[in-house]
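Structure file start.csv (CSV, C-alpha atoms and all ligand atoms) follows.
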```csv
chain,number,residue,atom,x,y,z
H,1,MET,CA,35.1,1.2,-8.1
H,2,LEU,CA,34.9,4.9,-9.2
H,3,ARG,CA,31.3,6.0,-9.8
H,4,THR,CA,31.0,7.4,-13.3
H,5,HIS,CA,27.6,9.0,-12.8
H,6,LEU,CA,26.3,11.4,-10.2
H,7,VAL,CA,22.9,9.7,-9.6
H,8,PHE,CA,22.2,6.9,-7.2
H,9,ARG,CA,20.2,4.1,-8.9
H,10,VAL,CA,18.3,1.6,-6.9
H,11,LEU,CA,16.7,-1.6,-8.2
H,12,GLY,CA,13.6,-2.4,-6.1
H,13,ILE,CA,12.0,-5.8,-5.9
H,14,GLU,CA,8.6,-6.5,-4.4
H,15,SER,CA,6.8,-9.8,-3.9
H,16,SER,CA,5.1,-9.6,-0.5
H,17,CYS,CA,1.6,-10.5,-1.7
H,18,ASP,CA,0.2,-11.1,-5.2
H,19,GLU,CA,2.2,-8.6,-7.3
H,20,THR,CA,5.7,-9.5,-8.6
H,21,ALA,CA,7.3,-6.1,-9.3
H,22,ALA,CA,10.7,-4.6,-10.1
H,23,SER,CA,11.7,-1.0,-10.7
H,24,ILE,CA,14.6,1.3,-11.1
H,25,VAL,CA,14.5,4.6,-9.3
H,26,GLU,CA,17.1,7.4,-9.4
H,27,ASP,CA,17.9,9.4,-6.2
H,28,GLY,CA,14.7,8.1,-4.6
H,29,THR,CA,12.6,10.4,-6.8
H,30,ARG,CA,12.8,9.6,-10.5
H,31,VAL,CA,11.2,6.4,-11.8
H,32,ILE,CA,13.3,5.0,-14.7
H,33,SER,CA,11.3,1.8,-15.1
H,34,ASP,CA,8.5,0.2,-13.3
H,35,VAL,CA,7.2,-3.4,-14.1
H,36,VAL,CA,4.4,-5.1,-12.2
H,37,ALA,CA,3.1,-8.6,-12.9
H,38,SER,CA,-0.3,-9.0,-11.3
H,39,GLN,CA,-1.6,-12.4,-10.2
H,40,ASN,CA,-5.3,-11.4,-10.2
H,41,GLU,CA,-6.1,-14.1,-12.7
H,42,VAL,CA,-4.5,-16.8,-10.5
H,43,HIS,CA,-6.5,-15.9,-7.4
H,44,GLN,CA,-9.7,-14.7,-8.9
H,45,LYS,CA,-11.6,-18.0,-8.8
H,46,TYR,CA,-10.7,-18.4,-5.1
H,47,GLY,CA,-12.0,-15.0,-4.1
H,48,GLY,CA,-8.7,-14.2,-2.3
H,49,VAL,CA,-5.0,-14.7,-2.4
H,50,VAL,CA,-3.9,-18.4,-2.1
H,51,PRO,CA,-0.4,-18.2,-0.5
H,52,GLU,CA,1.0,-21.3,-2.2
H,53,LEU,CA,-0.2,-20.2,-5.6
H,54,ALA,CA,1.2,-16.7,-5.0
H,55,SER,CA,4.7,-18.2,-4.3
H,56,ARG,CA,4.6,-20.3,-7.4
H,57,ALA,CA,3.6,-17.4,-9.6
H,58,HIS,CA,6.3,-15.2,-8.1
H,59,ILE,CA,8.9,-17.9,-8.9
H,60,LEU,CA,7.7,-17.9,-12.6
H,61,ASN,CA,7.5,-14.1,-12.8
H,62,VAL,CA,10.4,-12.7,-10.8
H,63,VAL,CA,13.3,-13.2,-13.3
H,64,PRO,CA,11.4,-11.8,-16.3
H,65,VAL,CA,10.1,-8.9,-14.3
H,66,VAL,CA,13.6,-7.9,-13.1
H,67,GLN,CA,15.0,-8.4,-16.6
H,68,GLY,CA,12.1,-6.2,-17.9
H,69,ALA,CA,12.9,-3.4,-15.4
H,70,LEU,CA,16.5,-3.4,-16.5
H,71,GLU,CA,15.7,-3.6,-20.2
H,72,ARG,CA,13.1,-0.8,-20.1
H,73,ALA,CA,15.6,1.4,-18.2
H,74,GLY,CA,18.3,0.5,-20.8
H,75,LEU,CA,20.6,-0.3,-18.0
H,76,SER,CA,22.8,-3.3,-17.0
H,77,LEU,CA,23.1,-4.6,-13.5
H,78,GLU,CA,26.6,-3.0,-13.4
H,79,GLN,CA,24.9,0.4,-13.6
H,80,ILE,CA,22.8,-0.1,-10.5
H,81,ASP,CA,24.1,1.3,-7.2
H,82,GLY,CA,22.0,-0.7,-4.7
H,83,ILE,CA,19.3,-3.3,-4.4
H,84,ALA,CA,16.2,-2.9,-2.2
H,85,VAL,CA,13.8,-5.7,-1.5
H,86,THR,CA,10.6,-6.0,0.6
H,87,ASN,CA,11.5,-8.4,3.4
H,88,ALA,CA,8.6,-7.6,5.8
H,89,PRO,CA,5.7,-8.0,6.4
H,90,GLY,CA,3.8,-10.3,4.0
H,91,LEU,CA,3.2,-13.9,3.0
H,92,VAL,CA,6.5,-15.6,4.0
H,93,GLY,CA,6.7,-17.9,0.9
H,94,ALA,CA,6.0,-14.9,-1.4
H,95,LEU,CA,8.5,-12.6,0.4
H,96,LEU,CA,11.2,-15.3,0.1
H,97,VAL,CA,11.1,-15.3,-3.7
H,98,GLY,CA,11.9,-11.6,-4.0
H,99,LEU,CA,14.4,-11.9,-1.2
H,100,GLN,CA,16.3,-14.8,-2.7
H,101,THR,CA,16.4,-13.0,-6.0
H,102,ALA,CA,17.7,-9.8,-4.5
H,103,LYS,CA,20.3,-11.7,-2.4
H,104,SER,CA,21.6,-13.6,-5.5
H,105,LEU,CA,21.9,-10.4,-7.5
H,106,ALA,CA,23.7,-8.6,-4.6
H,107,TRP,CA,26.0,-11.5,-4.2
H,108,VAL,CA,27.0,-11.8,-7.9
H,109,THR,CA,27.3,-8.1,-8.4
H,110,GLY,CA,28.7,-7.0,-5.1
H,111,LYS,CA,26.1,-4.3,-4.9
H,112,PRO,CA,24.8,-3.2,-1.5
H,113,LEU,CA,21.5,-4.7,-0.3
H,114,VAL,CA,18.8,-3.4,2.1
H,115,GLY,CA,15.5,-5.0,3.3
H,116,VAL,CA,12.5,-2.7,3.1
H,117,HIS,CA,9.4,-2.7,5.3
H,118,HIS,CA,6.4,-2.9,2.9
H,119,LEU,CA,4.6,-0.1,4.7
H,120,GLN,CA,7.7,2.1,4.5
H,121,GLY,CA,7.5,1.4,0.8
H,122,HIS,CA,3.8,2.6,0.6
H,123,LEU,CA,4.8,5.7,2.6
H,124,SER,CA,7.6,6.4,0.1
H,125,ALA,CA,5.4,6.2,-3.1
H,126,VAL,CA,4.4,9.9,-2.7
H,127,TYR,CA,8.1,10.9,-3.0
H,128,LEU,CA,8.0,9.9,-6.6
H,129,GLU,CA,5.6,12.7,-7.2
H,130,PRO,CA,6.6,16.3,-8.2
H,131,GLU,CA,5.4,17.9,-4.9
H,132,PRO,CA,5.8,15.4,-2.0
H,133,PRO,CA,4.7,16.4,1.5
H,134,PRO,CA,7.2,18.0,3.9
H,135,MET,CA,8.1,16.3,7.2
H,136,PRO,CA,6.5,15.9,9.6
H,137,HIS,CA,3.2,14.8,8.2
H,138,LEU,CA,0.3,12.5,8.9
H,139,ALA,CA,-0.2,9.4,6.8
H,140,LEU,CA,-3.2,7.1,6.4
H,141,ILE,CA,-2.0,3.7,5.1
H,142,VAL,CA,-4.9,1.7,3.7
H,143,SER,CA,-4.1,-1.6,2.0
H,144,GLY,CA,-5.3,-5.1,1.8
H,145,GLY,CA,-3.4,-6.1,4.9
H,146,HIS,CA,-3.1,-2.9,6.9
H,147,THR,CA,-5.0,0.2,8.0
H,148,SER,CA,-2.9,2.6,10.1
H,149,LEU,CA,-2.7,6.2,11.0
H,150,VAL,CA,0.9,7.2,11.2
H,151,ARG,CA,2.9,10.3,12.1
H,152,VAL,CA,5.8,10.5,9.7
H,153,ASN,CA,8.7,12.5,11.2
H,154,GLY,CA,11.3,11.6,8.6
H,155,HIS,CA,12.2,8.9,6.1
H,156,GLY,CA,12.1,5.6,8.1
H,157,ASP,CA,11.1,7.6,11.3
H,158,VAL,CA,7.5,6.9,11.9
H,159,VAL,CA,5.2,6.3,14.9
H,160,GLU,CA,1.9,4.6,14.5
H,161,LEU,CA,-1.0,6.4,16.2
H,162,GLY,CA,-3.7,3.8,15.4
H,163,ARG,CA,-4.4,0.7,13.4
H,164,THR,CA,-7.2,-1.7,12.7
H,165,ARG,CA,-8.2,-4.1,15.4
H,166,ASP,CA,-9.7,-6.6,12.9
H,167,ASP,CA,-10.1,-6.3,9.1
H,168,ALA,CA,-8.0,-3.9,7.0
H,169,ALA,CA,-9.9,-1.4,4.8
H,170,GLY,CA,-8.9,-3.3,1.7
H,171,GLU,CA,-10.1,-6.5,3.3
H,172,ALA,CA,-13.4,-4.9,4.0
H,173,PHE,CA,-13.7,-4.0,0.3
H,174,ASP,CA,-12.6,-7.5,-0.8
H,175,LYS,CA,-14.8,-9.4,1.6
H,176,GLY,CA,-17.8,-7.2,0.8
H,177,ALA,CA,-17.2,-7.8,-2.9
H,178,LYS,CA,-17.0,-11.5,-2.4
H,179,LEU,CA,-20.2,-11.5,-0.5
H,180,LEU,CA,-21.9,-9.7,-3.4
H,181,GLY,CA,-20.4,-12.1,-5.9
H,182,LEU,CA,-18.2,-9.4,-7.5
H,183,GLY,CA,-14.9,-11.3,-7.7
H,184,TYR,CA,-11.4,-10.5,-6.5
H,185,PRO,CA,-9.9,-8.0,-5.9
H,186,GLY,CA,-13.1,-6.4,-4.9
H,187,GLY,CA,-12.1,-2.8,-4.1
H,188,VAL,CA,-11.8,-1.7,-7.7
H,189,VAL,CA,-15.2,-3.3,-8.7
H,190,ILE,CA,-17.0,-1.7,-5.7
H,191,ASP,CA,-15.4,1.6,-6.6
H,192,ARG,CA,-16.7,1.4,-10.2
H,193,LEU,CA,-20.2,0.3,-9.3
H,194,ALA,CA,-20.4,2.9,-6.4
H,195,LYS,CA,-20.0,5.7,-9.0
H,196,THR,CA,-23.6,5.4,-10.2
H,197,GLY,CA,-25.1,4.5,-6.8
H,198,ASN,CA,-26.7,6.4,-4.0
H,199,PRO,CA,-24.5,6.3,-0.9
H,200,LYS,CA,-27.4,7.0,1.4
H,201,ALA,CA,-29.6,4.1,0.0
H,202,VAL,CA,-28.7,1.6,2.7
H,203,ASP,CA,-28.0,2.4,6.3
H,204,LEU,CA,-24.7,0.7,7.4
H,205,PRO,CA,-22.7,1.1,10.6
H,206,ARG,CA,-19.7,3.4,11.1
H,207,SER,CA,-17.5,2.0,13.9
H,208,MET,CA,-15.7,4.9,15.4
H,209,LEU,CA,-14.0,3.4,18.6
H,210,ALA,CA,-13.7,6.3,21.0
H,211,GLY,CA,-11.5,7.2,24.0
H,212,SER,CA,-7.9,5.9,24.1
H,213,HIS,CA,-8.6,3.8,21.0
H,214,GLY,CA,-9.7,6.9,19.1
H,215,ASP,CA,-7.1,6.4,16.3
H,216,ASP,CA,-7.9,2.7,15.9
H,217,PHE,CA,-10.2,1.2,13.3
H,218,SER,CA,-12.7,-1.7,13.1
H,219,PHE,CA,-14.3,-2.9,10.0
H,220,SER,CA,-15.6,-6.4,10.9
H,221,GLY,CA,-18.9,-5.1,12.1
H,222,LEU,CA,-19.6,-3.4,8.7
H,223,LYS,CA,-18.9,-6.7,6.9
H,224,THR,CA,-21.3,-8.5,9.2
H,225,ALA,CA,-23.9,-5.8,8.7
H,226,LEU,CA,-23.6,-6.3,4.9
H,227,LEU,CA,-23.9,-10.1,5.4
H,228,HIS,CA,-27.2,-9.6,7.4
H,229,HIS,CA,-28.5,-7.2,4.8
H,230,VAL,CA,-27.8,-9.6,2.0
H,231,ARG,CA,-29.3,-12.5,3.9
H,232,ALA,CA,-32.5,-10.5,4.5
H,233,THR,CA,-32.9,-9.1,1.0
H,234,GLY,CA,-30.7,-11.2,-1.3
H,235,ILE,CA,-28.0,-9.9,-3.6
H,236,PRO,CA,-29.4,-7.0,-5.5
H,237,GLU,CA,-29.0,-6.3,-9.2
H,238,GLY,CA,-28.7,-3.2,-11.4
H,239,GLN,CA,-29.3,0.1,-9.7
H,240,ALA,CA,-29.9,-1.5,-6.3
H,241,LEU,CA,-26.5,-3.2,-6.5
H,242,ALA,CA,-24.9,0.1,-7.3
H,243,ASP,CA,-26.7,1.7,-4.4
H,244,LEU,CA,-25.5,-1.0,-2.0
H,245,CYS,CA,-21.9,-0.7,-3.2
H,246,ALA,CA,-22.1,3.1,-2.9
H,247,SER,CA,-23.5,2.8,0.7
H,248,TYR,CA,-20.8,0.2,1.7
H,249,GLN,CA,-18.0,2.3,0.2
H,250,ALA,CA,-19.3,5.4,1.9
H,251,ALA,CA,-19.3,3.6,5.3
H,252,ILE,CA,-15.6,2.7,4.9
H,253,VAL,CA,-14.6,6.1,3.5
H,254,GLU,CA,-16.4,8.1,6.2
H,255,VAL,CA,-14.6,6.4,9.0
H,256,LEU,CA,-11.2,6.7,7.3
H,257,VAL,CA,-11.7,10.4,6.6
H,258,ARG,CA,-13.2,11.3,10.0
H,259,LYS,CA,-10.4,9.6,11.9
H,260,THR,CA,-7.7,11.2,9.7
H,261,ARG,CA,-9.2,14.7,10.2
H,262,LYS,CA,-9.3,14.2,14.0
H,263,ALA,CA,-5.7,13.0,14.1
H,264,ALA,CA,-4.5,15.9,11.8
H,265,ARG,CA,-6.2,18.4,14.1
H,266,ARG,CA,-4.8,16.9,17.3
H,267,GLU,CA,-1.3,16.4,16.0
H,268,ARG,CA,-1.4,19.9,14.4
H,269,LEU,CA,-0.2,18.5,11.1
H,270,GLU,CA,-1.0,20.5,7.9
H,271,HIS,CA,0.1,17.8,5.4
H,272,VAL,CA,-1.6,14.5,5.0
H,273,GLN,CA,-0.7,11.7,2.7
H,274,VAL,CA,-2.9,8.7,1.9
H,275,CYS,CA,-1.2,5.5,0.5
H,276,GLY,CA,-1.8,1.8,0.0
H,277,GLY,CA,-4.1,0.0,-2.5
H,278,VAL,CA,-7.3,1.6,-1.0
H,279,ALA,CA,-5.9,5.1,-1.7
H,280,ALA,CA,-6.7,4.3,-5.3
H,281,ASN,CA,-10.4,4.5,-4.4
H,282,SER,CA,-12.1,7.5,-6.1
H,283,GLY,CA,-14.6,8.0,-3.2
H,284,LEU,CA,-11.8,8.2,-0.6
H,285,ARG,CA,-9.6,10.4,-2.8
H,286,ALA,CA,-12.5,12.9,-3.3
H,287,ALA,CA,-13.6,12.8,0.3
H,288,MET,CA,-10.1,13.3,1.7
H,289,GLN,CA,-9.5,16.3,-0.6
H,290,ALA,CA,-12.8,17.8,0.4
H,291,ALA,CA,-11.9,17.4,4.1
H,292,GLY,CA,-8.5,18.9,3.5
H,293,SER,CA,-10.0,22.0,1.9
H,294,GLU,CA,-12.5,22.4,4.8
H,295,ASP,CA,-10.0,21.8,7.6
H,296,GLY,CA,-7.0,23.5,6.0
H,297,PHE,CA,-4.6,20.5,5.5
H,298,ARG,CA,-3.0,19.7,2.2
H,299,VAL,CA,-3.7,16.2,0.8
H,300,TYR,CA,-1.1,14.1,-1.1
H,301,ILE,CA,-2.2,10.9,-2.8
H,302,PRO,CA,0.0,9.0,-5.3
H,303,PRO,CA,-1.6,8.1,-8.7
H,304,PRO,CA,-3.7,4.8,-8.5
H,305,ASN,CA,-0.9,2.6,-9.9
H,306,ARG,CA,1.5,3.8,-7.2
H,307,CYS,CA,-1.1,3.2,-4.5
H,308,THR,CA,-1.4,-0.5,-5.2
H,309,ASP,CA,1.7,-2.7,-4.8
H,310,ASN,CA,4.7,-1.8,-6.9
H,311,ALA,CA,8.5,-1.8,-6.7
H,312,ALA,CA,9.2,1.9,-7.4
H,313,MET,CA,8.0,2.6,-3.9
H,314,ILE,CA,10.3,0.0,-2.5
H,315,ALA,CA,13.3,1.4,-4.4
H,316,ALA,CA,12.4,4.9,-3.1
H,317,ALA,CA,12.3,3.7,0.5
H,318,GLY,CA,15.4,1.7,0.0
H,319,TYR,CA,17.3,4.7,-1.4
H,320,HIS,CA,17.0,6.5,2.0
H,321,GLN,CA,18.2,3.4,3.8
H,322,LEU,CA,21.2,2.9,1.5
H,323,ILE,CA,22.4,6.6,1.6
H,324,LYS,CA,22.3,6.4,5.4
H,325,GLY,CA,24.8,3.6,5.1
H,326,GLU,CA,22.4,0.7,6.0
H,327,ARG,CA,23.5,-2.7,4.6
H,328,ALA,CA,21.9,-6.1,4.9
H,329,GLY,CA,23.9,-9.3,4.8
H,330,LEU,CA,23.0,-12.4,2.8
H,331,ASP,CA,21.3,-13.7,6.0
H,332,LEU,CA,18.5,-11.1,5.5
H,333,ASP,CA,15.3,-13.0,6.4
H,334,ALA,CA,11.6,-12.7,5.5
H,335,ILE,CA,9.5,-11.5,8.5
H,336,PRO,CA,5.8,-12.3,8.0
H,337,SER,CA,4.5,-9.9,10.7
H,338,ALA,CA,6.3,-6.7,11.5
H,339,PRO,CA,4.1,-4.0,13.2
H,340,LEU,CA,5.2,-0.4,12.9
H,341,PRO,CA,6.5,1.2,16.2
H,342,ARG,CA,3.4,2.4,18.1
H,343,ARG,CA,3.1,5.5,20.2
H,344,ALA,CA,3.2,4.5,23.8
V,401,LIG,O1,-1.5,-2.1,-1.2
V,401,LIG,P1,-2.1,-3.2,-1.9
V,401,LIG,O2,-1.9,-3.3,-3.4
V,401,LIG,O3,-1.6,-4.6,-1.3
V,401,LIG,C1,-1.4,-4.8,0.0
V,401,LIG,O4,-0.4,-4.3,0.5
V,401,LIG,O5,-2.4,-5.3,0.7
V,401,LIG,O6,-3.7,-3.1,-1.6
V,401,LIG,C2,-4.6,-4.1,-2.1
V,401,LIG,C3,-5.9,-3.7,-1.7
V,401,LIG,C4,-7.0,-4.7,-2.0
V,401,LIG,O7,-7.7,-5.0,-0.9
V,401,LIG,C5,-7.8,-4.0,-3.1
V,401,LIG,O8,-9.2,-4.4,-3.1
V,401,LIG,C6,-7.7,-2.6,-2.6
V,401,LIG,O9,-6.4,-2.4,-2.2
V,401,LIG,N1,-8.0,-1.7,-3.8
V,401,LIG,C7,-9.0,-0.8,-3.7
V,401,LIG,C8,-9.0,-0.1,-5.0
V,401,LIG,N2,-8.0,-0.6,-5.7
V,401,LIG,C9,-7.3,-1.5,-4.9
V,401,LIG,N3,-10.0,-0.6,-2.8
V,401,LIG,C10,-10.9,0.3,-3.1
V,401,LIG,N4,-11.0,1.0,-4.3
V,401,LIG,C11,-10.1,0.8,-5.2
V,401,LIG,N5,-10.1,1.5,-6.4
V,402,ZN,ZN,0.8,-3.1,-0.2
```

Entire entry expressed as C-alpha cells:
Amino acid sequence: MLRTHLVFRVLGIESSCDETAASIVEDGTRVISDVVASQNEVHQKYGGVVPELASRAHILNVVPVVQGALERAGLSLEQIDGIAVTNAPGLVGALLVGLQTAKSLAWVTGKPLVGVHHLQGHLSAVYLEPEPPPMPHLALIVSGGHTSLVRVNGHGDVVELGRTRDDAAGEAFDKGAKLLGLGYPGGVVIDRLAKTGNPKAVDLPRSMLAGSHGDDFSFSGLKTALLHHVRATGIPEGQALADLCASYQAAIVEVLVRKTRKAARRERLEHVQVCGGVAANSGLRAAMQAAGSEDGFRVYIPPPNRCTDNAAMIAAAGYHQLIKGERAGLDLDAIPSAPLPRRA
C-alpha cells in the first residue's frame, strides 16, 4: 500500500513487569500518545511483584491501554506503520500478554512486528528528549531488575562493561523500603524521605568490587547491613527515619556514581546517560550531574516518567529495528532472561 504520510509511526507495547503500557511514537523521537497502567495497588500488600497477579492485571489492562493510546493519538490501527513489543527479559507470563496482543494486531493488520529487549527500550527513552546523547556514549541502566554499565556504540549496538552480581539497585531500594515498613515500590518513598534526612547519619557499606570486576556492582551487603542496623536499633521514626533513608540512598548513589565516573574516564566517553526506574531518583540525578560537571562529561537523564517502565521507549527502540528491516514472525517468543552482550 502507498504510504500517504512521511512519518513512520510505531505502536509500542510493554508488559514485562508490573506496568501495562502502550504508546505511539513518530520517527523514534516524537511521542504522540503514552499510556501507562500501573499495578502498584495490586502488589503493594505483598511488598513486591507477584508474577501471577501481574499476568492477570496485564490481561485486564492491555486492550484498554492499547485502545487508549490510539484514541489519544487520534489514530486508527491502519495509520500505524509498525508494532514493537517487549519480548525479553521479564516475567514470562507478563511478557506473553503484551506479546500475544502485539502478534494479534500484527496478524489482523498485516503491519510489521519487532520484539524489543526491555533494556534497549530503557536506553532509547533518552532519544525522545530534545537533545539526546551522541554515539558512542556510556549508559548506566538502573532498574528494579537490572544494574549495568554499558557502552552504547549505536542503536542496538551495545556492549556491557559491568553488571550487578546480586541485587539490582532498584531491588536494593525496594528491599530496604520493605525492611523499613515503607511499602512497595520503595524507591520513590525512600527518595522522598531522604530529602529531609542527613546522608551521613548512619554509616553503611559501599561495595566497590575492584580489579577485573571493577565495573560490576553488588548491593546485597548493603541490604544486610541495613537489616543488622534495624535489628540492633529498631525501625526509627520521624527525623531518624529520614536520616536512615538518606544514608541508605547515599550508599547506593555513591557506588553508582563512582563506578560511572571511572568507566567514563577509562572509556574516554564524554556523554553519559542514566536510565531505568532508579534514574528517577533525585539524589542520583543530582549526584550524577555534579560528577559530570567536575569530570567534564555531559549527563542525559530522561524525565522521571520515562525512567520507569513505559511503552514510548519500546516504540523508540523498535523504530530503529523496523527501519533497519528487522521483522519478527508470529512465532516471536517471550524470553525471561536475556543478558546484554558482555565485553570479553
Ligand atoms: O525500570 P523500572 O520501572 O522497572 C524495571 O525494569 O525493573 O524500575 C523500577 C524500579 C523499582 O525498583 C523502583 O523502586 C525504582 O525503579 N524507582 C526508584 C524511584 N522511582 C522508581 N528508585 C529510587 N528512587 C526513585 N525515585
Ligand atoms: Zn524497566

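Between ligand ZN 402 (chain V) and the residues H:Gly93, H:Gly145, H:Gly234, H:Gly74, the shortest atom-to-atom distance, using all atoms listed in the file, involves H:Gly145.
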
Worksheet entry | Two-atom distance - atom CA of H:Gln39, atom CA of H:Pro185 (Å) |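 For atom CA of H:Gln39 relative to atom CA of H:Pro185, the distance reads 10.3 Å.
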
Worksheet item: When the cut-off is 9 Å and you count all atoms listed in the file, which residues lie near ligand LIG 401 (chain V), shown as number ranges by chain?
Response: H: 16-19, 90, 118-119, 122, 141-146, 168-175, 177, 184-192, 249, 275-284, 304-310

Worksheet item: Separation of atom CA of H:Thr86 and atom CA of H:Asp166, in Å?
Response: 23.7 Å

Response to the item:
As a check of understanding: the span from atom CA of H:Lys262 to atom CA of H:Ala250 is 18.0 Å

Item to complete: Measuring atom to atom with all atoms listed in the file, identify which of H:Leu99, H:Val158, H:Ala311, H:Leu53 is nearest to ligand ZN 402 (chain V).
Response: H:Ala311

Practice prompt. For H:Trp107, work out the shell of residues within 10 Å, counting all atoms listed in the file and skipping chain neighbours fewer than 6 positions away, then give it as a list in words.
Written response: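 Non-adjacent residues within range: Thr101, Leu113, Gly329 and Leu330 of chain H.
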
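Of the residues under consideration (H:Val108, H:Ala21, H:Ala286, H:Met208), H:Ala21 shows the shortest atom-to-atom contact distance to ligand ZN 402 (chain V) when counting only C-alpha atoms and all ligand atoms.
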
Response to the item:
Judged by only C-alpha atoms, the minimum distance to H:Ser218 among H:Leu182, H:Val299, H:Leu332, H:Ala251 is found for H:Ala251

Fill in: Residues within 8 Å of H:Asp27, all atoms listed in the file, excluding chain neighbours under 6 positions, as JSON, numbers by chain
{"H": [7, 8, 9, 10, 316, 319]}

Take the residues that were just selected and, keeping C-alpha atoms, output them as a PDB file, keeping the file's coordinate frame.
```
ATOM      1  CA  VAL H   7      22.900   9.700  -9.600  1.00  0.00           C
ATOM      2  CA  PHE H   8      22.200   6.900  -7.200  1.00  0.00           C
ATOM      3  CA  ARG H   9      20.200   4.100  -8.900  1.00  0.00           C
ATOM      4  CA  VAL H  10      18.300   1.600  -6.900  1.00  0.00           C
ATOM      5  CA  ALA H 316      12.400   4.900  -3.100  1.00  0.00           C
ATOM      6  CA  TYR H 319      17.300   4.700  -1.400  1.00  0.00           C
TER       7      TYR H 319
END
```

Discussion item. Around (-4.2, -0.8, 10.8), as given in the file, which residues come within 6 Å? Count all atoms listed in the file and list them as a list in words.
Written reply: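 Those residues lying close to the given coordinates are His146, Thr147, Ser148, Arg163 and Thr164 of chain H.
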
Worksheet item: What would the list of residues within 6 Å of (6.3, -6.5, 6.3) (file frame) look like as a list of chain:residue names, if only C-alpha atoms are what count?
Response: H:Ala88, H:Pro89, H:Gly90, H:His117, H:His118, H:Ser337, H:Ala338

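Distances from H:Ala334, H:Ile314, H:Gly115, H:Phe297 to ligand ZN 402 (chain V) were compared using all atoms listed in the file, and the smallest one belongs to H:Ile314.
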
Practice prompt. Determine, counting only C-alpha atoms, which protein, DNA and RNA residues have an atom within 10 Å of an atom of stretch 137-139 of chain H; residues of the same chain fewer than 3 positions away are not included. Present the result as a PyMOL selection string.
Written response: chain H and resi 123+133-134+142+148-154+158-161+260-261+263-264+267-275+297-301

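Restricting the calculation to all atoms listed in the file, the smallest distance between ligand ZN 402 (chain V) and any of H:Val35, H:Val114, H:Arg165, H:Gly121 is found for H:Gly121.
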